[in-house]
Amino acid sequence: MKVRMTGRELKARYIEFFVSKNHKEIGQASLIPEHDPSVLFTTAGMHPLVPYLLGEPHPQGRRLVNVQRCLRTDDIDEVGDEAHLTFFEMLGNWSLGDYFKEEAIQLSYEFLTEHLGIEPERLWITVFAGDDDAPRDDVAANIWKSLGISDQRIHYLSKKENWWGPAGQTGPCGPDTEMFYDVGKPPCGPDCRPACPCQKFVEIWNDVFMEYNKTADGCYLPLRQKNVDTGLGVERVAAVLQERPTVFETELFAPIVSAIKELSTNPLERSIRIIADHLRASTFLLAEKLPPSNVERGYVLRRLIRRAIRHGRSIGIEEDFTAPIAAVVVAEYAEDYPHLAENRDFILAEIQKEERRFKETLQKGMREFERELQNYSPRQGQVVFPGERAFYFYETFGFPVELTEEMLRERLPGAAIDRQAFEKAYERHRQMSRAGAEQKFRGGLADATEKTTRLHTATHLLHQALRTVLSQHVEQRGSNITPDRLRFDFSHPAKMTADEIARVERIVNETITEALPIEVTITTLDEAKRQGAIALFADKYGDNVKVYAIGDFSKEVCGGPHVSNTSKLGRFKIIKEEACSAGVRRIRAVLEEMDETDQTRPETQ
Ligand code: SER
């Protein structure tokens with residue numbers, strides 16, 4: 001019979017058991033690894049032990065045990081199901097060159113069955129299947145069999161499932177054997193087995209046999225000493241012992257979940273779980289004095305908070321809620337983690353600041369995103385959302401790319417963001433910001449000869465004509481002008497038809513024959529936008545901007561220069577329309593001299 005116990009009781013029971021087996025309890029490390037720039041967070045209890053796993057003697061001896069707070073982002077998309085979390089508490093016991101497979105497995109089995117009362121027939125086991133780097137782990141399988149686990153409950157899986165480490169690029173690692181608890185629901189199909197995503201089998205404990213050191217060139221060399229590194233998830237085991245279908249129903253989460261539910265008018269289960277997990281994780285990160293930012297660890301924190309806020313909206317939470325929920329987390333965990341209470345003010349102030357910051361743009365960004373999505377339809381096959389647009393949402397509204405992708409997938413299952421293009425846009429932006437003040441006012445047209453000036457004006461006409469013909473979603477993605485031609489990249493999901501191309505050409509040429517004047521005014525960027533001027537790359541401009549208006553036809557923020565009247569342009573002709581990158585088209589166009597008989601032949605400049 002399972003022994004019902006709280007998470008706290010479980011932690012105490014575990015430490016007690018391993019201490020009784022001659023292990024020494026060691027303290028917890030920070031969530032932010034010290035002296036280890038190769039990883040962002042402490043993802044497992046073994047992390048701070050790397051030097052000792054490599055052979056350095058540990059001051060506390062060869063048998064160690066502890067509880068370690070951990071944070072992992074690789075399962076972030078799974079958060080919202082029954083058992084996956086970003087932040088969690090891990091119980092771990094280690095042998096540094098002391099016992100190996102036999103004793104490790106026996107200790108795990110004894111603790112699970114005799115101290116937690118887990119029914120042996122509900123335990124399923126996986127072991128490493130073997131590959132070129134290491135043999136199949138028959139030794140571990142045989143130990144399990146000797147303990148009474150039947151053949152059919154032992155599965156042999158590949159490195160992807162049954163190998164752990166190294167935590168960074170290099171370091172100690174090895175095959176593992178994992179223990180799964182069968183929650184008792186029916187199998188999802190004939191191949192349902194441990195590690196199946198249906199979660200019939202919940203992974204509760206992992207015994208890693210660290211006997212290799214992975215080197216920078218990808219070799220697995222035998223370690224000087226054979227170690228055992230194990231990890232047992234407190235939340236998952238508590239759910240099993242309390243017979244709760246999910247970790248969110250254990251006492252570890254219940255107060256957090258009910259505080260969220262109280263604020264919600266539309267309590268969607270998945271969103272509530274995501275908020276509970278992400279705000280618990282954020283509270284623990286903030287407790288390490290880490291503020292949200294746009295880089296590395298701070299950015300992971302920002303993503304967690306912003307995703308929670310976005311889900312808060314979808315369950316109808318109107319008021320600021322991150323600080324009150326963080327306060328619940330602090331209250332619940334302060335006894336075990338006094339640093340939460342010590343840093344309470346910082347935690348609440350920072351999370352509140354971040355919520356305010358994000359809320360300023362969230363609604364507007366979501367509205368614009370909804371509008372944008374109307375341009376995409378699953379009928380076009382798998383939708384690839386342009387990375388440049390994802391970057392736009394990042395830059396303008398502070399939407400982390402993962403958040404934009406999640407919103408996209410909620411509407412168009414299977415859709416994806418062109419991540420490469422996003423990275424490129426990001427990089428371009430970085431370089432642009434670095435380029436310094438002298439670049440800022442150049443406005444993209446360094447070579448202002450007569451010919452390029454004309455083509456520049458034609459580019460504005462083309463941009464507006466594309467919006468007229470294809471719709472307002474068209475936005476400039478790039479522009480390149482030589483004395484001979486213009487090249488214009490713009491967002492549009494499909495190849496233009498011959499008719500669309502002809503209509504664009506006709507509109508541009510009509511504005512040329514109408515001899516529209518071009519006027520420039522200087523104003524603030526906000527005022528320009530208010531007037532409806534197209535304003536791209538807003539950060540490229542200074543406080544005051546130039547707005548070029550071509551009659552009533554086009555208005556665009558731009559550094560110039562331009563001709564004074566469209567009549568100076570000649571005949572506009574598109575010579576090529578082609579794909580540039582996912583969701584981005586490229587047009588090349590020229591201005592031809594008008595023939596002698598043409599009434600509107602431009603005067604020479
Ligand atoms: N390091 C292993 C894991 O994280 C065992 O703790 O699963």
# chains A, B, ... in the order shown; residues from 1 in each chain; ligands from 1

$ residues_near_ligand --ligand "ligand 1" --cutoff "6 Å" --atoms "only C-alpha atoms and all ligand atoms" --output "list of chain:residue names"
A:Ala44, A:Gly45, A:Met46, A:Asn206, A:Asp207, A:Val208, A:Asp229, A:Thr230, A:Gly231

$ residues_around --residues "stretch 59-62 of chain A" --least-positions-apart "4" --cutoff "8 Å" --atoms "only C-alpha atoms" --output "list in words"
His23, Lys24, Ile26, Trp94, Ser95, Leu96, Gly97 and Asp98 of chain A

$ atom_distance --atom1 "atom CA of A:Tyr156" --atom2 "atom CA of A:Tyr109"
18.7 Å

$ closest_residue --among "A:Leu301, A:Val127, A:Ile575, A:Ala494" --to "A:Trp163" --atoms "only C-alpha atoms"
A:Val127

$ closest_atom_pairs --of "stretch 302-367 of chain A" --to "stretch 238-254 of chain A" --cutoff "9 Å" --atoms "only C-alpha atoms" --output "JSON lines"
{"residue": "A:Val329", "atom": "CA", "partner": "A:Phe253", "partner_atom": "CA", "distance": 8.8}
{"residue": "A:Glu332", "atom": "CA", "partner": "A:Leu252", "partner_atom": "CA", "distance": 7.9}
{"residue": "A:Tyr333", "atom": "CA", "partner": "A:Leu252", "partner_atom": "CA", "distance": 8.8}

$ closest_residue --among "A:Asp182, A:Glu370, A:Glu78, A:Glu114" --to "A:Phe17" --atoms "only C-alpha atoms"
A:Glu114

$ closest_residue --among "A:Pro291, A:Gly165, A:Pro33, A:Gly312" --to "A:Ile347" --atoms "only C-alpha atoms"
A:Pro291

$ select_by_dssp --residues "stretch 461-602 of chain A" --states "strand (DSSP E)" --output "mmCIF file with N, CA and C atoms, in the first residue's frame"
data_model
loop_
_atom_site.group_PDB
_atom_site.id
_atom_site.type_symbol
_atom_site.label_atom_id
_atom_site.label_comp_id
_atom_site.auth_asym_id
_atom_site.auth_seq_id
_atom_site.Cartn_x
_atom_site.Cartn_y
_atom_site.Cartn_z
ATOM 1 N N GLN A 476 7.542 46.331 -46.060
ATOM 2 C CA GLN A 476 8.897 46.272 -46.575
ATOM 3 C C GLN A 476 9.773 45.387 -45.713
ATOM 4 N N ARG A 477 10.513 44.497 -46.365
ATOM 5 C CA ARG A 477 11.466 43.659 -45.644
ATOM 6 C C ARG A 477 12.902 44.003 -46.028
ATOM 7 N N GLY A 478 13.010 44.692 -47.159
ATOM 8 C CA GLY A 478 14.348 45.079 -47.566
ATOM 9 C C GLY A 478 14.249 45.913 -48.828
ATOM 10 N N SER A 479 15.248 46.781 -49.019
ATOM 11 C CA SER A 479 15.239 47.597 -50.228
ATOM 12 C C SER A 479 16.679 47.818 -50.640
ATOM 13 N N ASN A 480 16.896 47.686 -51.926
ATOM 14 C CA ASN A 480 18.251 47.876 -52.427
ATOM 15 C C ASN A 480 18.134 48.578 -53.770
ATOM 16 N N ILE A 481 18.829 49.687 -53.893
ATOM 17 C CA ILE A 481 18.691 50.473 -55.122
ATOM 18 C C ILE A 481 20.062 50.713 -55.738
ATOM 19 N N LEU A 486 15.542 49.002 -59.013
ATOM 20 C CA LEU A 486 15.246 48.902 -57.586
ATOM 21 C C LEU A 486 14.976 47.442 -57.274
ATOM 22 N N ARG A 487 15.227 47.070 -56.054
ATOM 23 C CA ARG A 487 14.895 45.722 -55.597
ATOM 24 C C ARG A 487 14.171 45.887 -54.272
ATOM 25 N N PHE A 488 13.023 45.282 -54.203
ATOM 26 C CA PHE A 488 12.174 45.524 -53.035
ATOM 27 C C PHE A 488 11.667 44.195 -52.495
ATOM 28 N N ASP A 489 11.949 43.921 -51.228
ATOM 29 C CA ASP A 489 11.474 42.685 -50.580
ATOM 30 C C ASP A 489 10.322 43.040 -49.662
ATOM 31 N N PHE A 490 9.293 42.232 -49.714
ATOM 32 C CA PHE A 490 8.113 42.567 -48.909
ATOM 33 C C PHE A 490 7.411 41.296 -48.473
ATOM 34 N N SER A 491 6.640 41.425 -47.391
ATOM 35 C CA SER A 491 5.955 40.249 -46.856
ATOM 36 C C SER A 491 4.716 39.958 -47.694
ATOM 37 N N ILE A 518 5.758 65.862 -54.374
ATOM 38 C CA ILE A 518 6.308 65.150 -53.212
ATOM 39 C C ILE A 518 6.714 66.179 -52.173
ATOM 40 N N GLU A 519 6.125 66.030 -51.019
ATOM 41 C CA GLU A 519 6.378 67.016 -49.974
ATOM 42 C C GLU A 519 6.967 66.364 -48.732
ATOM 43 N N VAL A 520 7.867 67.090 -48.117
ATOM 44 C CA VAL A 520 8.483 66.532 -46.918
ATOM 45 C C VAL A 520 8.140 67.404 -45.707
ATOM 46 N N THR A 521 7.789 66.748 -44.620
ATOM 47 C CA THR A 521 7.586 67.472 -43.357
ATOM 48 C C THR A 521 8.445 66.794 -42.292
ATOM 49 N N ILE A 522 8.736 67.554 -41.254
ATOM 50 C CA ILE A 522 9.508 66.978 -40.146
ATOM 51 C C ILE A 522 8.623 66.945 -38.915
ATOM 52 N N THR A 523 8.549 65.790 -38.312
ATOM 53 C CA THR A 523 7.669 65.661 -37.150
ATOM 54 C C THR A 523 8.191 64.558 -36.231
ATOM 55 N N THR A 524 7.465 64.242 -35.180
ATOM 56 C CA THR A 524 7.910 63.143 -34.310
ATOM 57 C C THR A 524 7.419 61.823 -34.904
ATOM 58 N N ASN A 544 12.984 63.100 -34.098
ATOM 59 C CA ASN A 544 12.248 63.721 -35.197
ATOM 60 C C ASN A 544 12.481 62.954 -36.478
ATOM 61 N N VAL A 545 11.446 62.835 -37.254
ATOM 62 C CA VAL A 545 11.590 62.069 -38.497
ATOM 63 C C VAL A 545 11.097 62.899 -39.672
ATOM 64 N N LYS A 546 11.550 62.497 -40.838
ATOM 65 C CA LYS A 546 11.040 63.143 -42.052
ATOM 66 C C LYS A 546 9.923 62.273 -42.612
ATOM 67 N N VAL A 547 8.856 62.909 -43.014
ATOM 68 C CA VAL A 547 7.770 62.151 -43.627
ATOM 69 C C VAL A 547 7.627 62.633 -45.067
ATOM 70 N N TYR A 548 7.738 61.685 -46.001
ATOM 71 C CA TYR A 548 7.566 62.037 -47.406
ATOM 72 C C TYR A 548 6.159 61.654 -47.848
ATOM 73 N N ALA A 549 5.423 62.670 -48.346
ATOM 74 C CA ALA A 549 4.074 62.402 -48.854
ATOM 75 C C ALA A 549 4.092 62.565 -50.362
ATOM 76 N N ILE A 550 3.542 61.578 -51.055
ATOM 77 C CA ILE A 550 3.443 61.685 -52.510
ATOM 78 C C ILE A 550 1.970 61.932 -52.830
ATOM 79 N N SER A 554 0.718 58.265 -51.052
ATOM 80 C CA SER A 554 1.626 57.536 -50.152
ATOM 81 C C SER A 554 2.231 58.476 -49.119
ATOM 82 N N LYS A 555 2.446 57.930 -47.944
ATOM 83 C CA LYS A 555 3.083 58.706 -46.879
ATOM 84 C C LYS A 555 4.014 57.756 -46.140
ATOM 85 N N GLU A 556 5.285 58.114 -46.063
ATOM 86 C CA GLU A 556 6.233 57.172 -45.480
ATOM 87 C C GLU A 556 7.327 57.924 -44.720
ATOM 88 N N VAL A 557 7.685 57.388 -43.564
ATOM 89 C CA VAL A 557 8.820 57.942 -42.828
ATOM 90 C C VAL A 557 10.092 57.511 -43.539
ATOM 91 N N ARG A 571 8.668 55.584 -67.139
ATOM 92 C CA ARG A 571 7.679 54.502 -67.045
ATOM 93 C C ARG A 571 8.191 53.393 -66.116
ATOM 94 N N PHE A 572 7.318 53.014 -65.232
ATOM 95 C CA PHE A 572 7.689 52.006 -64.224
ATOM 96 C C PHE A 572 7.408 50.601 -64.751
ATOM 97 N N LYS A 573 8.375 49.712 -64.588
ATOM 98 C CA LYS A 573 8.168 48.353 -65.087
ATOM 99 C C LYS A 573 8.757 47.314 -64.130
ATOM 100 N N ILE A 574 7.911 46.344 -63.798
ATOM 101 C CA ILE A 574 8.395 45.238 -62.951
ATOM 102 C C ILE A 574 9.059 44.214 -63.858
ATOM 103 N N ILE A 575 10.284 43.868 -63.583
ATOM 104 C CA ILE A 575 10.930 42.899 -64.460
ATOM 105 C C ILE A 575 10.989 41.497 -63.851
ATOM 106 N N LYS A 576 10.805 41.404 -62.559
ATOM 107 C CA LYS A 576 10.843 40.075 -61.950
ATOM 108 C C LYS A 576 10.114 40.084 -60.608
ATOM 109 N N GLU A 577 9.382 39.022 -60.366
ATOM 110 C CA GLU A 577 8.753 38.831 -59.049
ATOM 111 C C GLU A 577 9.113 37.414 -58.634
ATOM 112 N N GLU A 578 9.734 37.254 -57.489
ATOM 113 C CA GLU A 578 10.186 35.923 -57.089
ATOM 114 C C GLU A 578 10.167 35.764 -55.568
ATOM 115 N N ALA A 579 10.337 34.525 -55.122
ATOM 116 C CA ALA A 579 10.400 34.278 -53.682
ATOM 117 C C ALA A 579 11.744 34.768 -53.161
ATOM 118 N N CYS A 580 11.741 35.311 -51.961
ATOM 119 C CA CYS A 580 13.000 35.766 -51.360
ATOM 120 C C CYS A 580 13.338 34.848 -50.188
ATOM 121 N N SER A 581 12.419 34.724 -49.259
ATOM 122 C CA SER A 581 12.543 33.716 -48.196
ATOM 123 C C SER A 581 11.118 33.355 -47.826
ATOM 124 N N VAL A 584 8.282 35.898 -47.884
ATOM 125 C CA VAL A 584 8.798 37.182 -48.376
ATOM 126 C C VAL A 584 9.034 37.100 -49.880
ATOM 127 N N ARG A 585 8.491 38.058 -50.606
ATOM 128 C CA ARG A 585 8.658 38.097 -52.072
ATOM 129 C C ARG A 585 9.644 39.215 -52.423
ATOM 130 N N ARG A 586 10.188 39.111 -53.611
ATOM 131 C CA ARG A 586 11.162 40.115 -54.055
ATOM 132 C C ARG A 586 10.776 40.602 -55.448
ATOM 133 N N ILE A 587 10.751 41.890 -55.592
ATOM 134 C CA ILE A 587 10.451 42.473 -56.905
ATOM 135 C C ILE A 587 11.663 43.271 -57.372
ATOM 136 N N ARG A 588 11.978 43.094 -58.668
ATOM 137 C CA ARG A 588 12.959 43.981 -59.290
ATOM 138 C C ARG A 588 12.201 44.826 -60.293
ATOM 139 N N ALA A 589 12.478 46.095 -60.303
ATOM 140 C CA ALA A 589 11.757 46.959 -61.232
ATOM 141 C C ALA A 589 12.688 48.042 -61.749
ATOM 142 N N VAL A 590 12.324 48.616 -62.905
ATOM 143 C CA VAL A 590 13.151 49.670 -63.503
ATOM 144 C C VAL A 590 12.267 50.847 -63.883
ATOM 145 N N LEU A 591 12.900 51.960 -64.140
ATOM 146 C CA LEU A 591 12.202 53.109 -64.707
ATOM 147 C C LEU A 591 12.729 53.282 -66.117
ATOM 148 N N GLU A 592 11.826 53.169 -67.078
ATOM 149 C CA GLU A 592 12.261 53.344 -68.475
ATOM 150 C C GLU A 592 12.020 54.787 -68.884
#

$ residues_around --residues "stretch 470-473 of chain A" --least-positions-apart "3" --cutoff "9 Å" --atoms "only C-alpha atoms" --output "list in words"
Arg371, Glu372, Asn375, Gln464, Ala465, Leu466, Arg467, Ser491, His492, Met496 and Glu500 of chain A

$ write_last_selection --atoms "N, CA, C and O atoms" --output "compact mmCIF listing (two decimals), in the first residue's frame"
# COMPACT_ATOMS: atom_id res chain seq x y z
N ARG A 371 -4.97 39.95 -36.68
CA ARG A 371 -5.20 40.49 -38.04
C ARG A 371 -4.26 39.83 -39.02
O ARG A 371 -4.65 39.41 -40.09
N GLU A 372 -3.02 39.72 -38.61
CA GLU A 372 -2.00 39.15 -39.49
C GLU A 372 -2.35 37.71 -39.86
O GLU A 372 -2.15 37.28 -40.98
N ASN A 375 -4.15 36.39 -42.97
CA ASN A 375 -3.48 36.21 -44.26
C ASN A 375 -3.02 34.78 -44.49
O ASN A 375 -2.51 34.45 -45.54
N GLN A 464 3.28 51.33 -51.78
CA GLN A 464 1.87 51.66 -51.57
C GLN A 464 0.98 50.90 -52.55
O GLN A 464 -0.08 50.41 -52.18
N ALA A 465 1.43 50.75 -53.78
CA ALA A 465 0.61 50.05 -54.79
C ALA A 465 0.45 48.58 -54.39
O ALA A 465 -0.63 47.99 -54.56
N LEU A 466 1.50 47.99 -53.83
CA LEU A 466 1.40 46.59 -53.38
C LEU A 466 0.37 46.48 -52.26
O LEU A 466 -0.41 45.54 -52.19
N ARG A 467 0.38 47.45 -51.39
CA ARG A 467 -0.61 47.43 -50.31
C ARG A 467 -2.02 47.58 -50.86
O ARG A 467 -2.95 46.96 -50.37
N SER A 491 6.64 41.42 -47.39
CA SER A 491 5.96 40.25 -46.86
C SER A 491 4.72 39.96 -47.69
O SER A 491 3.90 40.85 -47.94
N HIS A 492 4.62 38.75 -48.12
CA HIS A 492 3.42 38.30 -48.84
C HIS A 492 3.55 36.78 -48.96
O HIS A 492 4.59 36.29 -49.38
N MET A 496 2.86 36.34 -56.68
CA MET A 496 1.88 37.26 -57.27
C MET A 496 1.43 36.75 -58.62
O MET A 496 2.22 36.21 -59.39
N GLU A 500 -2.07 40.62 -60.81
CA GLU A 500 -1.67 41.48 -59.69
C GLU A 500 -0.46 42.33 -60.08
O GLU A 500 -0.41 43.53 -59.78

$ closest_atom_pairs --of "stretch 39-104 of chain A" --to "stretch 255-272 of chain A" --cutoff "10 Å" --atoms "only C-alpha atoms" --output "tab-separated table"
residue	atom	partner	partner_atom	distance
A:Val79	CA	A:Arg270	CA	8.3
A:Gly80	CA	A:Arg270	CA	4.7
A:Asp81	CA	A:Arg270	CA	7.1
A:Glu82	CA	A:Arg270	CA	9.4

$ write_last_selection --atoms "C-alpha atoms" --output "PDB file, in the first residue's frame"
ATOM      1  CA  VAL A  79       4.135  21.936 -19.354  1.00  0.00           C
ATOM      2  CA  GLY A  80       0.366  21.869 -19.016  1.00  0.00           C
ATOM      3  CA  ASP A  81       0.097  18.077 -19.141  1.00  0.00           C
ATOM      4  CA  GLU A  82      -0.053  15.941 -16.003  1.00  0.00           C
TER       5      GLU A  82
END

$ closest_residue --among "A:Asn66, A:Thr482, A:Ser30, A:Ser282" --to "A:Arg13" --atoms "only C-alpha atoms"
A:Asn66

$ atom_distance --atom1 "atom CA of A:Asn343" --atom2 "atom CA of A:Ala327"
11.0 Å

$ closest_residue --among "A:Pro292, A:Ala421, A:Glu388, A:Pro187" --to "A:Arg357" --atoms "only C-alpha atoms"
A:Pro292

$ select_by_dssp --residues "stretch 430-601 of chain A" --states "helix (DSSP H, G or I)" --output "PyMOL selection string"
chain A and resi 430-434+437-440+450-470+498-513+525-530+538-540+566-568

$ residues_around --residues "A:Gln225" --least-positions-apart "2" --cutoff "8 Å" --atoms "only C-alpha atoms" --output "PyMOL selection string"
chain A and resi 53-55+96-97+211+223+227

$ atom_distance --atom1 "atom CA of A:Phe385" --atom2 "atom CA of A:His278"
25.9 Å

$ closest_residue --among "A:Glu121, A:Glu354, A:Glu161, A:Glu34" --to "A:Leu286" --atoms "only C-alpha atoms"
A:Glu354

$ residues_around --residues "A:His456" --least-positions-apart "3" --cutoff "12 Å" --atoms "only C-alpha atoms" --output "VMD selection string"
chain A and resid 443 to 453 459 to 463 479 to 488 548 556 558 to 564 566 569 589 to 591

$ residues_around --residues "A:Phe100" --least-positions-apart "2" --cutoff "7 Å" --atoms "only C-alpha atoms" --output "PyMOL selection string"
chain A and resi 98+102-104+226-228

$ write_last_selection --atoms "C-alpha atoms" --output "compact mmCIF listing (two decimals), in the first residue's frame"
# COMPACT_ATOMS: atom_id res chain seq x y z
CA ASP A 98 31.69 3.52 -4.32
CA GLU A 102 23.70 -3.60 -8.13
CA GLU A 103 23.51 -1.61 -4.94
CA ALA A 104 22.08 1.47 -6.67
CA LYS A 226 32.47 4.46 -11.77
CA ASN A 227 29.78 6.66 -10.27
CA VAL A 228 26.08 6.50 -9.63

$ residues_around --residues "A:Asp277" --least-positions-apart "4" --cutoff "8 Å" --atoms "only C-alpha atoms" --output "list in words"
Val79, Leu85, Thr86, Phe87, Arg273 and Ala281 of chain A

$ write_last_selection --atoms "C-alpha atoms" --output "CSV table (one decimal), in the first residue's frame"
chain,number,residue,atom,x,y,z
A,79,VAL,CA,4.1,21.9,-19.4
A,85,LEU,CA,7.4,21.2,-15.1
A,86,THR,CA,10.1,23.7,-15.7
A,87,PHE,CA,11.1,24.2,-12.0
A,273,ARG,CA,-1.1,24.8,-15.1
A,281,ALA,CA,9.7,28.9,-11.5

$ decode --residues "stretch 122-134 of chain A" --atoms "N, CA and C atoms" --output "PDB file, in the first residue's frame"
ATOM      1  N   ARG A 122       3.311  -2.296 -10.316  1.00  0.00           N
ATOM      2  CA  ARG A 122       3.064  -1.061 -11.049  1.00  0.00           C
ATOM      3  C   ARG A 122       4.363  -0.412 -11.541  1.00  0.00           C
ATOM      4  N   LEU A 123       5.477  -1.033 -11.218  1.00  0.00           N
ATOM      5  CA  LEU A 123       6.770  -0.478 -11.632  1.00  0.00           C
ATOM      6  C   LEU A 123       7.188  -1.051 -12.968  1.00  0.00           C
ATOM      7  N   TRP A 124       7.540  -0.195 -13.887  1.00  0.00           N
ATOM      8  CA  TRP A 124       8.058  -0.585 -15.188  1.00  0.00           C
ATOM      9  C   TRP A 124       9.452   0.022 -15.324  1.00  0.00           C
ATOM     10  N   ILE A 125      10.293  -0.659 -16.072  1.00  0.00           N
ATOM     11  CA  ILE A 125      11.713  -0.292 -16.075  1.00  0.00           C
ATOM     12  C   ILE A 125      12.206  -0.131 -17.513  1.00  0.00           C
ATOM     13  N   THR A 126      13.077   0.856 -17.725  1.00  0.00           N
ATOM     14  CA  THR A 126      13.776   0.896 -19.007  1.00  0.00           C
ATOM     15  C   THR A 126      15.285   0.827 -18.745  1.00  0.00           C
ATOM     16  N   VAL A 127      15.979   0.196 -19.692  1.00  0.00           N
ATOM     17  CA  VAL A 127      17.444   0.160 -19.611  1.00  0.00           C
ATOM     18  C   VAL A 127      18.011   0.490 -20.995  1.00  0.00           C
ATOM     19  N   PHE A 128      19.289   0.780 -21.029  1.00  0.00           N
ATOM     20  CA  PHE A 128      19.936   1.195 -22.278  1.00  0.00           C
ATOM     21  C   PHE A 128      20.060   0.019 -23.258  1.00  0.00           C
ATOM     22  N   ALA A 129      19.664   0.281 -24.507  1.00  0.00           N
ATOM     23  CA  ALA A 129      19.638  -0.791 -25.513  1.00  0.00           C
ATOM     24  C   ALA A 129      21.000  -1.071 -26.144  1.00  0.00           C
ATOM     25  N   GLY A 130      21.958  -0.147 -25.951  1.00  0.00           N
ATOM     26  CA  GLY A 130      23.292  -0.366 -26.538  1.00  0.00           C
ATOM     27  C   GLY A 130      23.445   0.304 -27.889  1.00  0.00           C
ATOM     28  N   ASP A 131      24.673   0.766 -28.170  1.00  0.00           N
ATOM     29  CA  ASP A 131      24.995   1.309 -29.501  1.00  0.00           C
ATOM     30  C   ASP A 131      26.512   1.269 -29.662  1.00  0.00           C
ATOM     31  N   ASP A 132      27.041   2.038 -30.621  1.00  0.00           N
ATOM     32  CA  ASP A 132      28.485   1.980 -30.879  1.00  0.00           C
ATOM     33  C   ASP A 132      29.318   2.496 -29.703  1.00  0.00           C
ATOM     34  N   ASP A 133      28.722   3.347 -28.873  1.00  0.00           N
ATOM     35  CA  ASP A 133      29.495   3.934 -27.779  1.00  0.00           C
ATOM     36  C   ASP A 133      29.544   3.067 -26.538  1.00  0.00           C
ATOM     37  N   ALA A 134      28.482   2.288 -26.311  1.00  0.00           N
ATOM     38  CA  ALA A 134      28.427   1.481 -25.078  1.00  0.00           C
ATOM     39  C   ALA A 134      27.494   0.295 -25.306  1.00  0.00           C
TER      40      ALA A 134
END
